[in-house]
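Q: Okay, so here is upload-v1.txt, and as you'll see once you scroll down, it has compact mmCIF, C-alpha atoms.
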```txt
# COMPACT_ATOMS: atom_id res chain seq x y z
CA MET A 349 -30.34 17.93 4.64
CA SER A 350 -27.70 17.28 2.05
CA GLN A 351 -28.75 17.20 -1.55
CA PRO A 352 -28.32 13.71 -3.01
CA LEU A 353 -27.00 13.36 -6.54
CA SER A 354 -29.59 12.43 -9.13
CA PRO A 355 -29.76 8.66 -9.69
CA GLU A 356 -28.34 9.11 -13.20
CA ARG A 357 -25.37 11.05 -11.97
CA GLU A 358 -24.83 8.62 -9.16
CA GLN A 359 -24.87 5.75 -11.64
CA ARG A 360 -22.41 7.50 -13.93
CA ARG A 361 -20.13 8.21 -11.04
CA ALA A 362 -20.17 4.56 -10.05
CA ALA A 363 -19.36 3.51 -13.60
CA ILE A 364 -16.42 5.87 -13.76
CA ARG A 365 -15.21 4.73 -10.41
CA GLU A 366 -15.37 1.17 -11.67
CA ALA A 367 -13.46 2.01 -14.86
CA LEU A 368 -10.78 3.80 -12.93
CA ARG A 369 -10.57 1.08 -10.34
CA GLU A 370 -9.57 -1.38 -12.96
CA VAL A 371 -6.85 1.01 -14.06
CA LYS A 372 -6.13 -1.23 -16.99
CA ASN A 373 -3.97 1.25 -18.83
CA LEU A 374 -2.09 2.52 -15.86
CA PRO A 375 1.20 0.90 -15.06
CA THR A 376 1.51 -0.62 -11.65
CA LEU A 377 4.29 0.36 -9.33
CA PRO A 378 7.44 -1.65 -9.88
CA GLY A 379 7.66 -4.93 -8.00
CA ILE A 380 10.86 -3.63 -6.51
CA ILE A 381 8.84 -1.69 -3.95
CA SER A 382 7.33 -4.74 -2.35
CA LYS A 383 10.67 -6.56 -2.51
CA LEU A 384 12.34 -3.67 -0.73
CA THR A 385 9.62 -3.52 1.86
CA LYS A 386 10.24 -7.17 2.66
CA MET A 387 13.96 -6.58 2.77
CA VAL A 388 13.73 -3.82 5.31
CA ASP A 389 11.98 -6.14 7.74
CA ASP A 390 14.79 -8.65 7.47
CA PRO A 391 17.56 -7.76 9.95
CA ASP A 392 20.15 -9.77 7.99
CA ILE A 393 19.88 -7.65 4.88
CA THR A 394 22.70 -5.16 4.41
CA THR A 395 22.49 -1.80 2.68
CA ASP A 396 24.81 -3.28 0.09
CA GLN A 397 22.32 -6.00 -0.81
CA MET A 398 19.57 -3.44 -0.95
CA GLY A 399 21.67 -1.25 -3.22
CA LYS A 400 22.28 -4.23 -5.49
CA LEU A 401 18.59 -4.90 -5.84
CA ILE A 402 17.83 -1.29 -6.77
CA SER A 403 20.75 -1.03 -9.16
CA LYS A 404 19.39 -3.96 -11.16
CA ASP A 405 17.03 -1.43 -12.67
CA HIS A 406 19.53 1.03 -14.13
CA ILE A 407 17.03 3.62 -15.21
CA LEU A 408 15.29 3.60 -11.88
CA ALA A 409 18.61 3.82 -10.03
CA ALA A 410 19.73 6.78 -12.14
CA LYS A 411 16.41 8.55 -11.69
CA LEU A 412 16.54 7.92 -7.98
CA LEU A 413 19.96 9.52 -7.64
CA LYS A 414 18.90 12.43 -9.77
CA LEU A 415 15.84 12.95 -7.63
CA ALA A 416 17.87 12.63 -4.44
CA ASN A 417 20.08 15.45 -5.67
CA SER A 418 17.27 17.64 -6.97
CA ALA A 419 16.03 20.86 -5.50
CA PHE A 420 12.75 19.51 -4.21
CA TYR A 421 14.41 17.29 -1.68
CA GLY A 422 17.38 19.53 -1.08
CA PHE A 423 19.54 17.18 0.96
CA PRO A 424 22.59 19.11 2.11
CA GLN A 425 25.14 16.70 0.66
CA ARG A 426 25.54 15.60 -2.90
CA ILE A 427 24.64 11.93 -3.11
CA SER A 428 26.65 10.09 -5.69
CA SER A 429 26.00 6.40 -5.13
CA LEU A 430 23.09 4.20 -4.26
CA SER A 431 24.72 2.75 -1.19
CA SER A 432 25.53 6.18 0.20
CA ALA A 433 21.99 7.24 -0.62
CA ILE A 434 20.64 4.35 1.45
CA ILE A 435 22.97 5.11 4.37
CA LEU A 436 22.44 8.86 4.30
CA LEU A 437 18.75 8.97 3.62
CA GLY A 438 17.48 5.81 5.21
CA PHE A 439 15.12 3.26 3.80
CA ASN A 440 11.91 5.20 4.15
CA VAL A 441 13.19 8.09 2.12
CA ILE A 442 14.56 5.69 -0.50
CA LYS A 443 11.20 4.03 -0.79
CA ILE A 444 9.54 7.41 -1.24
CA LEU A 445 12.12 8.29 -3.89
CA ILE A 446 11.46 5.09 -5.79
CA ILE A 447 7.75 5.75 -5.71
CA SER A 448 8.38 9.27 -6.99
CA ALA A 449 10.75 8.10 -9.69
CA SER A 450 8.22 5.59 -11.01
CA ILE A 451 5.20 7.87 -10.98
CA PHE A 452 7.25 10.71 -12.23
CA GLU A 453 8.08 8.82 -15.38
CA LEU A 454 4.43 8.27 -15.98
CA MET A 455 3.63 11.97 -15.60
CA GLU A 456 6.57 13.23 -17.59
CA ASP A 457 5.54 11.16 -20.60
CA GLN A 458 1.96 12.31 -20.43
CA ASP A 459 1.91 16.02 -20.16
CA VAL A 460 4.82 18.45 -19.92
CA GLU A 461 2.84 21.30 -18.44
CA LEU A 462 1.34 19.10 -15.77
CA TRP A 463 4.78 17.76 -15.07
CA GLU A 464 6.25 21.24 -14.58
CA HIS A 465 3.33 22.20 -12.39
CA SER A 466 3.98 19.08 -10.32
CA LEU A 467 7.71 19.68 -10.03
CA GLY A 468 7.04 23.25 -8.96
CA CYS A 469 4.46 22.12 -6.44
CA ALA A 470 7.00 19.69 -4.96
CA VAL A 471 9.48 22.54 -4.59
CA VAL A 472 6.94 24.72 -2.77
CA CYS A 473 5.97 21.77 -0.54
CA SER A 474 9.60 21.24 0.38
CA VAL A 475 10.07 24.94 1.22
CA LEU A 476 6.84 25.04 3.25
CA ALA A 477 7.66 21.78 5.06
CA LYS A 478 11.05 23.12 6.07
CA HIS A 479 9.63 26.47 7.08
CA LEU A 480 7.02 24.79 9.23
CA GLU A 481 9.63 22.36 10.56
CA ILE A 482 7.51 19.31 10.04
CA SER A 483 9.13 15.96 10.67
CA ASP A 484 8.93 14.29 7.27
CA PRO A 485 9.56 16.89 4.57
CA GLU A 486 10.41 14.28 1.92
CA GLU A 487 6.99 12.73 2.10
CA VAL A 488 5.29 16.06 1.75
CA SER A 489 7.48 16.94 -1.25
CA THR A 490 6.59 13.64 -2.84
CA ALA A 491 2.92 14.23 -2.15
CA GLY A 492 3.32 17.55 -3.96
CA LEU A 493 5.06 15.85 -6.84
CA ILE A 494 2.23 13.37 -7.38
CA HIS A 495 -0.78 15.36 -6.11
CA ASP A 496 -2.30 15.48 -9.60
CA LEU A 497 -1.89 11.77 -10.22
CA GLY A 498 -5.66 11.61 -10.72
CA LYS A 499 -5.40 13.82 -13.81
CA VAL A 500 -3.03 11.30 -15.37
CA ALA A 501 -5.39 8.47 -14.47
CA ILE A 502 -8.40 10.25 -15.99
CA LYS A 503 -6.45 11.00 -19.13
CA MET A 504 -5.31 7.41 -19.55
CA GLU A 505 -8.53 5.66 -18.59
CA LEU A 506 -11.06 8.11 -20.01
CA PRO A 507 -9.25 9.81 -22.90
CA LYS A 508 -12.45 11.09 -24.55
CA GLU A 509 -13.82 12.63 -21.39
CA SER A 510 -10.41 14.10 -20.67
CA GLU A 511 -10.45 15.86 -24.05
CA THR A 512 -13.93 17.20 -23.36
CA ILE A 513 -12.68 18.51 -20.01
CA THR A 514 -9.77 20.26 -21.73
CA ALA A 515 -12.22 21.80 -24.22
CA LEU A 516 -14.53 22.97 -21.42
CA VAL A 517 -11.60 24.57 -19.61
CA GLY A 518 -10.66 26.46 -22.76
CA SER A 519 -14.12 27.55 -23.88
CA ARG A 520 -15.56 28.53 -20.51
CA GLY A 521 -12.46 29.71 -18.71
CA ILE A 522 -13.06 27.39 -15.77
CA SER A 523 -10.65 25.19 -13.84
CA ARG A 524 -10.15 21.52 -14.66
CA PHE A 525 -11.46 20.74 -11.20
CA THR A 526 -14.78 22.46 -11.95
CA ALA A 527 -14.97 20.94 -15.43
CA GLU A 528 -14.35 17.47 -14.04
CA HIS A 529 -17.19 17.91 -11.57
CA GLU A 530 -19.55 19.07 -14.29
CA LEU A 531 -18.72 16.27 -16.65
CA LEU A 532 -17.88 13.34 -14.40
CA GLY A 533 -19.39 14.23 -11.06
CA LEU A 534 -16.01 13.68 -9.42
CA ASP A 535 -12.57 15.19 -9.61
CA HIS A 536 -8.91 14.29 -10.05
CA ALA A 537 -8.17 14.60 -6.33
CA GLU A 538 -10.66 11.88 -5.52
CA VAL A 539 -9.41 9.69 -8.37
CA GLY A 540 -5.77 10.23 -7.36
CA GLY A 541 -6.68 9.23 -3.83
CA TRP A 542 -8.24 5.94 -4.98
CA LEU A 543 -5.26 5.15 -7.13
CA ALA A 544 -2.71 5.96 -4.44
CA LYS A 545 -4.67 3.80 -2.05
CA SER A 546 -4.85 0.93 -4.51
CA TRP A 547 -1.07 1.12 -4.81
CA ASN A 548 -0.83 0.82 -1.03
CA LEU A 549 0.98 4.12 -0.75
CA PRO A 550 1.35 5.42 2.80
CA VAL A 551 -1.49 7.52 4.15
CA LYS A 552 0.90 10.48 4.27
CA LEU A 553 0.77 10.43 0.48
CA VAL A 554 -2.81 9.24 -0.01
CA GLU A 555 -4.48 11.95 2.06
CA PRO A 556 -2.72 15.00 0.63
CA ILE A 557 -3.44 13.68 -2.89
CA ALA A 558 -7.10 12.96 -2.13
CA TRP A 559 -7.73 16.20 -0.23
CA HIS A 560 -5.55 18.79 -1.89
CA HIS A 561 -8.63 20.75 -2.93
CA ASN A 562 -10.42 20.21 0.36
CA PRO A 563 -7.81 19.68 3.06
CA ALA A 564 -10.43 19.74 5.82
CA GLY A 565 -11.36 16.25 4.66
CA ALA A 566 -8.01 14.78 5.67
CA SER A 567 -8.51 12.91 8.92
CA SER A 568 -5.00 11.60 9.68
CA GLU A 569 -2.72 13.97 7.78
CA PRO A 570 -4.38 17.40 7.85
CA MET A 571 -1.05 19.25 7.89
CA ALA A 572 0.37 17.45 4.86
CA ALA A 573 -2.91 18.05 3.02
CA ALA A 574 -2.87 21.74 3.99
CA ILE A 575 0.71 22.12 2.76
CA VAL A 576 -0.03 20.55 -0.63
CA HIS A 577 -3.22 22.66 -0.84
CA PHE A 578 -1.33 25.90 -0.29
CA ALA A 579 1.65 24.81 -2.42
CA ASP A 580 -0.75 24.28 -5.33
CA ILE A 581 -2.00 27.83 -4.79
CA ILE A 582 1.49 29.35 -4.65
CA ILE A 583 2.82 27.54 -7.69
CA ARG A 584 -0.25 28.52 -9.70
CA GLY A 585 0.18 32.07 -8.46
CA LEU A 586 3.70 31.94 -9.89
CA GLY A 587 2.35 30.93 -13.28
CA TYR A 588 2.82 27.17 -13.26
CA GLY A 589 -0.71 26.14 -14.05
CA HIS A 590 -1.94 23.35 -16.25
CA GLY A 591 -2.56 24.39 -19.84
CA ARG A 592 -5.42 26.86 -20.05
CA ASP A 593 -6.33 26.15 -16.46
CA ILE A 594 -4.21 29.01 -15.16
CA TRP A 595 -6.38 29.75 -12.14
CA VAL A 596 -5.31 30.08 -8.55
CA PRO A 597 -7.70 27.83 -6.62
CA THR A 598 -9.59 28.97 -3.58
CA LEU A 599 -7.90 28.85 -0.17
CA GLN A 600 -9.66 26.89 2.50
CA SER A 601 -9.71 28.92 5.70
CA LYS A 602 -9.26 25.88 7.92
CA ALA A 603 -6.06 24.95 6.10
CA TRP A 604 -4.85 28.53 6.30
CA GLU A 605 -5.39 28.54 10.06
CA LEU A 606 -3.53 25.25 10.39
CA LEU A 607 -0.51 26.58 8.50
CA ARG A 608 -0.32 29.66 10.75
CA LEU A 609 1.74 31.60 8.26
CA ARG A 610 2.25 35.30 8.86
CA PRO A 611 2.18 37.71 5.96
CA THR A 612 5.89 38.34 6.50
CA ASP A 613 6.63 34.63 6.10
CA LEU A 614 5.39 34.74 2.54
CA ASP A 615 8.32 36.81 1.29
CA LYS A 616 10.87 34.43 2.70
CA ILE A 617 8.95 31.46 1.29
CA LEU A 618 8.66 33.02 -2.16
CA GLU A 619 12.36 33.83 -2.14
CA ASN A 620 13.31 30.24 -1.31
CA VAL A 621 10.89 28.89 -3.86
CA GLU A 622 12.25 31.10 -6.64
CA GLU A 623 15.79 30.06 -5.89
CA LYS A 624 14.88 26.39 -5.99
CA LEU A 625 12.76 26.72 -9.09
CA TRP A 626 15.93 27.52 -11.02
CA ASP A 627 17.24 24.13 -10.06
CA VAL A 628 14.07 22.49 -11.19
CA LYS A 629 14.29 24.20 -14.54
CA GLY A 630 17.75 22.77 -14.89
CA PHE A 631 16.49 19.38 -13.84
CA SER A 632 13.72 19.54 -16.39
CA LEU A 633 16.15 20.55 -19.14
CA GLU A 634 18.59 17.79 -18.32
CA ILE A 635 15.86 15.18 -18.53
CA LYS A 636 14.67 16.60 -21.84
CA MET A 637 18.20 16.52 -23.22
CA GLU A 638 18.60 12.94 -22.17
CA ALA A 639 15.26 12.05 -23.67
CA GLY A 640 16.45 13.78 -26.83
CA GLY A 641 18.93 10.97 -27.28
CA VAL A 642 22.17 12.55 -26.10
CA GLY A 643 24.33 9.54 -25.43
CA SER A 644 21.35 7.24 -25.59
CA THR A 645 22.26 3.84 -24.31
CA SER A 646 19.27 1.85 -25.41
CA PRO A 647 20.38 -1.00 -27.61
CA GLY A 648 18.96 -1.19 -31.10
CA ARG A 649 16.19 -3.67 -31.60
CA GLY A 650 16.08 -6.44 -34.14
CA MET B 613 22.60 37.39 -11.28
CA GLN B 614 20.91 34.22 -12.48
CA GLN B 615 21.26 30.59 -11.58
CA ILE B 616 21.29 28.45 -14.69
CA SER B 617 21.59 24.79 -15.48
CA ILE B 618 24.90 23.71 -16.92
CA ALA B 619 22.93 22.83 -20.04
CA GLN B 620 22.15 26.52 -20.47
CA ALA B 621 25.73 27.71 -19.93
CA THR B 622 27.46 29.23 -22.95
CA GLU B 623 30.87 30.73 -23.61
CA GLY B 624 31.42 34.24 -22.35
CA MET B 625 29.04 34.12 -19.40
CA ILE B 626 30.64 35.46 -16.22
CA LEU B 627 30.44 33.47 -12.98
CA ALA B 628 28.74 35.44 -10.22
CA LYS B 629 29.49 32.86 -7.54
CA ASP B 630 32.29 30.37 -6.93
CA VAL B 631 31.65 26.94 -8.40
CA MET B 632 32.26 24.28 -5.78
CA THR B 633 33.13 20.61 -6.16
CA THR B 634 30.98 17.98 -4.48
CA ASP B 635 33.42 17.93 -1.56
CA ASN B 636 33.18 21.70 -1.17
CA ARG B 637 36.40 22.91 -2.73
CA VAL B 638 36.42 25.89 -5.05
CA LEU B 639 36.61 24.56 -8.58
CA CYS B 640 36.37 27.88 -10.33
CA GLY B 641 36.28 31.35 -8.78
CA LYS B 642 33.65 34.00 -9.40
CA ALA B 643 34.27 36.60 -12.12
CA THR B 644 35.66 33.87 -14.38
CA ALA B 645 34.44 34.02 -17.97
CA LEU B 646 33.15 30.64 -19.09
CA SER B 647 34.87 28.94 -22.00
CA ALA B 648 33.86 25.79 -23.81
CA SER B 649 36.56 23.82 -22.01
CA ILE B 650 35.49 25.09 -18.59
CA ILE B 651 31.87 24.14 -19.32
CA GLU B 652 33.02 20.71 -20.46
CA ARG B 653 35.03 20.30 -17.29
CA PHE B 654 32.03 21.27 -15.14
CA LYS B 655 29.96 18.62 -16.89
CA ARG B 656 32.62 16.00 -16.33
CA MET B 657 32.83 17.01 -12.67
CA ASP B 658 29.09 16.54 -12.29
CA ILE B 659 28.39 20.23 -11.69
CA THR B 660 24.72 20.75 -12.48
CA HIS B 661 24.24 24.51 -11.96
CA VAL B 662 26.21 27.73 -12.00
CA THR B 663 25.30 31.27 -11.05
CA VAL B 664 26.23 33.87 -13.64
CA GLU B 665 26.11 37.66 -13.95
CA ASP B 666 23.07 39.44 -15.41
CA TYR B 667 20.07 37.51 -16.71
CA PRO B 668 21.49 35.93 -19.84
CA VAL B 669 18.91 33.19 -20.21
CA ALA B 670 15.54 34.52 -21.25
CA GLU B 671 12.72 33.07 -19.22
CA LYS B 672 9.77 31.40 -20.80
CA GLY B 673 7.78 33.72 -23.01
CA ALA B 674 9.93 36.72 -22.01
CA LYS B 675 6.94 38.98 -21.48
CA SER B 676 7.13 42.61 -20.55
CA LEU B 677 6.77 43.44 -16.88
CA LYS B 678 3.38 45.02 -17.48
CA ASP B 679 2.11 41.85 -19.15
CA GLU B 680 3.54 39.72 -16.37
CA LEU B 681 1.76 41.76 -13.72
CA LEU B 682 -1.49 41.58 -15.66
CA ALA B 683 -1.09 37.82 -15.99
CA VAL B 684 -0.72 37.52 -12.21
CA GLU B 685 -3.85 39.64 -11.81
CA GLU B 686 -5.75 37.32 -14.13
CA ARG B 687 -4.62 34.13 -12.40
CA PHE B 688 -5.91 35.45 -9.09
CA GLY B 689 -9.14 36.58 -10.77
CA SER B 690 -11.53 34.22 -9.03
CA VAL B 691 -10.10 34.53 -5.51
CA ARG B 692 -10.31 38.31 -5.07
CA HIS B 693 -12.42 37.91 -1.96
CA ILE B 694 -9.76 35.88 -0.12
CA LYS B 695 -7.55 38.22 1.84
CA PRO B 696 -4.42 36.08 2.32
CA LEU B 697 -4.41 35.31 -1.40
CA MET B 698 -4.60 38.99 -2.29
CA HIS B 699 -1.57 39.49 -0.10
CA LEU B 700 0.19 36.61 -1.86
CA LYS B 701 -0.66 38.19 -5.21
CA LYS B 702 0.83 41.52 -4.16
CA ARG B 703 4.03 39.89 -2.96
CA ILE B 704 4.42 37.97 -6.21
CA GLN B 705 3.90 41.14 -8.23
CA LYS B 706 6.33 43.07 -6.07
CA ARG B 707 9.00 40.42 -6.53
CA LEU B 708 8.49 40.38 -10.28
CA ALA B 709 8.98 44.14 -10.42
CA ALA B 710 12.04 43.99 -8.18
CA ALA B 711 13.67 41.25 -10.26
CA ARG B 712 13.38 43.36 -13.38
CA GLN B 713 14.94 46.36 -11.70
CA THR B 714 18.13 44.53 -10.77
CA THR B 715 18.87 43.68 -14.39
CA PRO B 716 21.53 46.19 -15.40
CA PRO B 717 20.84 47.94 -18.68
CA SER B 718 23.29 46.06 -20.84
CA SER B 719 24.16 47.65 -24.15
CA ASP B 720 25.26 44.77 -26.33
CA ARG B 721 23.49 41.66 -25.31
CA GLY B 722 22.13 41.27 -28.77
CA GLU B 723 19.19 39.11 -27.82
CA ALA B 724 16.09 38.87 -29.87
CA THR B 725 12.95 40.27 -28.31
```
Taking this structure as input, can you express it in the form of structure tokens?

A:
Amino acid sequence: MSQPLSPEREQRRAAIREALREVKNLPTLPGIISKLTKMVDDPDITTDQMGKLISKDHILAAKLLKLANSAFYGFPQRISSLSSAIILLGFNVIKILIISASIFELMEDQDVELWEHSLGCAVVCSVLAKHLEISDPEEVSTAGLIHDLGKVAIKMELPKESETITALVGSRGISRFTAEHELLGLDHAEVGGWLAKSWNLPVKLVEPIAWHHNPAGASSEPMAAAIVHFADIIIRGLGYGHGRDIWVPTLQSKAWELLRLRPTDLDKILENVEEKLWDVKGFSLEIKMEAGGVGSTSPGRG
Amino acid sequence: MQQISIAQATEGMILAKDVMTTDNRVLCGKATALSASIIERFKRMDITHVTVEDYPVAEKGAKSLKDELLAVEERFGSVRHIKPLMHLKKRIQKRLAAARQTTPPSSDRGEAT
């Protein structure tokens, strides 16, 4: 018999779920996504028209190209324009990139350490996806990039609780995941899953986000969930944790079996990851420099 | 040998690999010493990374190897019972040690500790 939560805890959980559902403080995904989705179903739309729509949002377009050329997608060619990006990568990848670019912005503003952890996780996902020769490596990389979306949501919607969680992590030397369970009765994976679902993200993103701590729970995308689960472990092992939550999380044996990695594969994977992490460091620096106002193009206000 | 972002490149660093243009032509051969004008040109040409000799850019924290290995040990502290993760830990530690060994003992790098 499973142990039910106490009525108080259950009530609290429901209240938190409600608060997070409203996601008042969280930005919604740009309307461009739904416009693009409509466009792709229209056979008369050309890549040129699609490129024009995306380029209306300069910042998004620039971020998209930067992402397309970054280490965690690792497309073999350098992609220099939006229209070539659409031709070379195809609409689905573009859509994924736009989703990443938007969420990315949200994460980057919030928490640098979490952002670096996420970038690193995306790199490991991309290496693992290629090693395992799965069919949609971009989606898995993106799932890695936004797997901790729930942490951002908790921080924005429940800032006080989030601070208490940070304090618990520091004083007791426990993981954020454990602290979240103690304080809220739920965790960031669950919250991230709700949010991703409410944004109508594809299930290939929703499941790995929702189940990255318990990949056995993923019913349609167990492999993607297992990859993000193990990527989180590797990147934490390499020292990209989240603040004082430095811990390598536990490995679920079912996920490990699914991945079927041999001990000798690990060296090759680590080597590829290290090489790509250099690129990410560069990426991170470039963004910081731009944010620092080098050649800032924003017009002065009033 | 270290791959660095163009933002981290400074004068005097020596290229360890050819720098290629986006259409795969050699823009600048290896063993070239970087100058301010070369770095500027790379930026204009949209080159984002170069690979240079030695390890000129200190990594975050720049801890000693011993401290690094201990830090790895600590991070894996609560998963000691999971065999594949202990293997992962060993490989990470081994790679850390190996990376340090390839750094040639340079006499006049003049970097702060």

Q: List the neighbours of Met571 of chain A out to 8 Å using only C-alpha atoms; skip same-chain residues closer than 2 positions along the sequence, and give me the result as a list in words.

A: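 Once the adjacent positions are removed, what remains is Glu569, Ala573, Ala574, Ile575, Ala603, Leu606 and Leu607 of chain A.
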
Q: Residues as selected, C-alpha atoms, written as a PDB file, in the frame of the given file, can you do that?

A:
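For reference, out30.pdb as written:
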```pdb
ATOM      1  CA  GLU A 569      -2.720  13.970   7.780  1.00  0.00           C
ATOM      2  CA  ALA A 573      -2.910  18.050   3.020  1.00  0.00           C
ATOM      3  CA  ALA A 574      -2.870  21.740   3.990  1.00  0.00           C
ATOM      4  CA  ILE A 575       0.710  22.120   2.760  1.00  0.00           C
ATOM      5  CA  ALA A 603      -6.060  24.950   6.100  1.00  0.00           C
ATOM      6  CA  LEU A 606      -3.530  25.250  10.390  1.00  0.00           C
ATOM      7  CA  LEU A 607      -0.510  26.580   8.500  1.00  0.00           C
TER       8      LEU A 607
END
```

Q: Kindly determine which residues of chain A lie within 6 Å of chain B, considering only C-alpha atoms, and give the answer as a list in words.

A: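 Residues of chain A within 6 Å of chain B, counting only C-alpha atoms: Ile594, Trp595, Val596, Thr598 and Gly630 of chain A.
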
Q: Edge lengths and centre in Å to one decimal, as lines of an AutoDock Vina configuration file, is what I'm after for the box along x, y and z that holds all listed atoms of segment 432-440 of chain A once 8 Å is added on each side.

A:
```
center_x = 18.7
center_y = 6.1
center_z = 2.3
size_x = 29.6
size_y = 21.7
size_z = 21.8
```

Q: What does the structure give for the distance between atom CA of Gln359 of chain A and atom CA of Ala566 of chain A, in Å to one decimal?

A: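 Pair atom CA of Gln359 of chain A / atom CA of Ala566 of chain A returns 25.8 Å.
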
Q: Rounded to one decimal, what separation in Å do you get between atom CA of Ser519 of chain A and atom CA of Leu532 of chain A?

A: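 Taking atom CA of Ser519 of chain A as the start and atom CA of Leu532 of chain A as the end point, the length is 17.5 Å.
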
Q: Figure out the distance between atom CA of Lys400 of chain A and atom CA of Ala491 of chain A, please, to one decimal in Å.

A: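 Computing the Euclidean distance for atom CA of Ala491 of chain A and atom CA of Lys400 of chain A yields 27.0 Å.
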
Q: Every residue with an atom at most 12 Å from (21.3, -3.9, -3.8) (file coordinates; all atoms listed in the file) is what I'm after, so could you write them as a PyMOL selection string?

A: chain A and resi 380+383-384+387-388+393-406+409+429-434

Q: Which is closer to Val488 of chain A than all the others in A:Gly541, A:Gly565, A:Gly379, A:Pro550, using only C-alpha atoms?

A: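 Selected residue with least distance to Val488 of chain A: A:Pro550.
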
Q: Using only C-alpha atoms - which residues lie no farther than 10 Å from the point (-12.1, 26.5, -0.6) in the file's frame? Write them as a list in words.

A: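 It turns out the residues near that spot are His561, Asn562, Pro563, Ala564, His577, Pro597, Thr598, Leu599, Gln600, Ser601, Lys602 and Ala603 of chain A; Val691 and Ile694 of chain B.
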
Q: List as number ranges by chain the protein and nucleic acid residues near Leu627 of chain B, meaning an atom at most 10 Å away when only C-alpha atoms are counted, but skip any in the same chain fewer than 3 places from it.

A: B: 613-615, 624, 630-631, 640-646, 662-666

Q: Check the smallest atom-to-atom distance from each of A:Val441, A:Leu476, A:Ile364, A:Leu516 to Lys616 of chain A using all atoms listed in the file, then report the winner.

A: A:Leu476
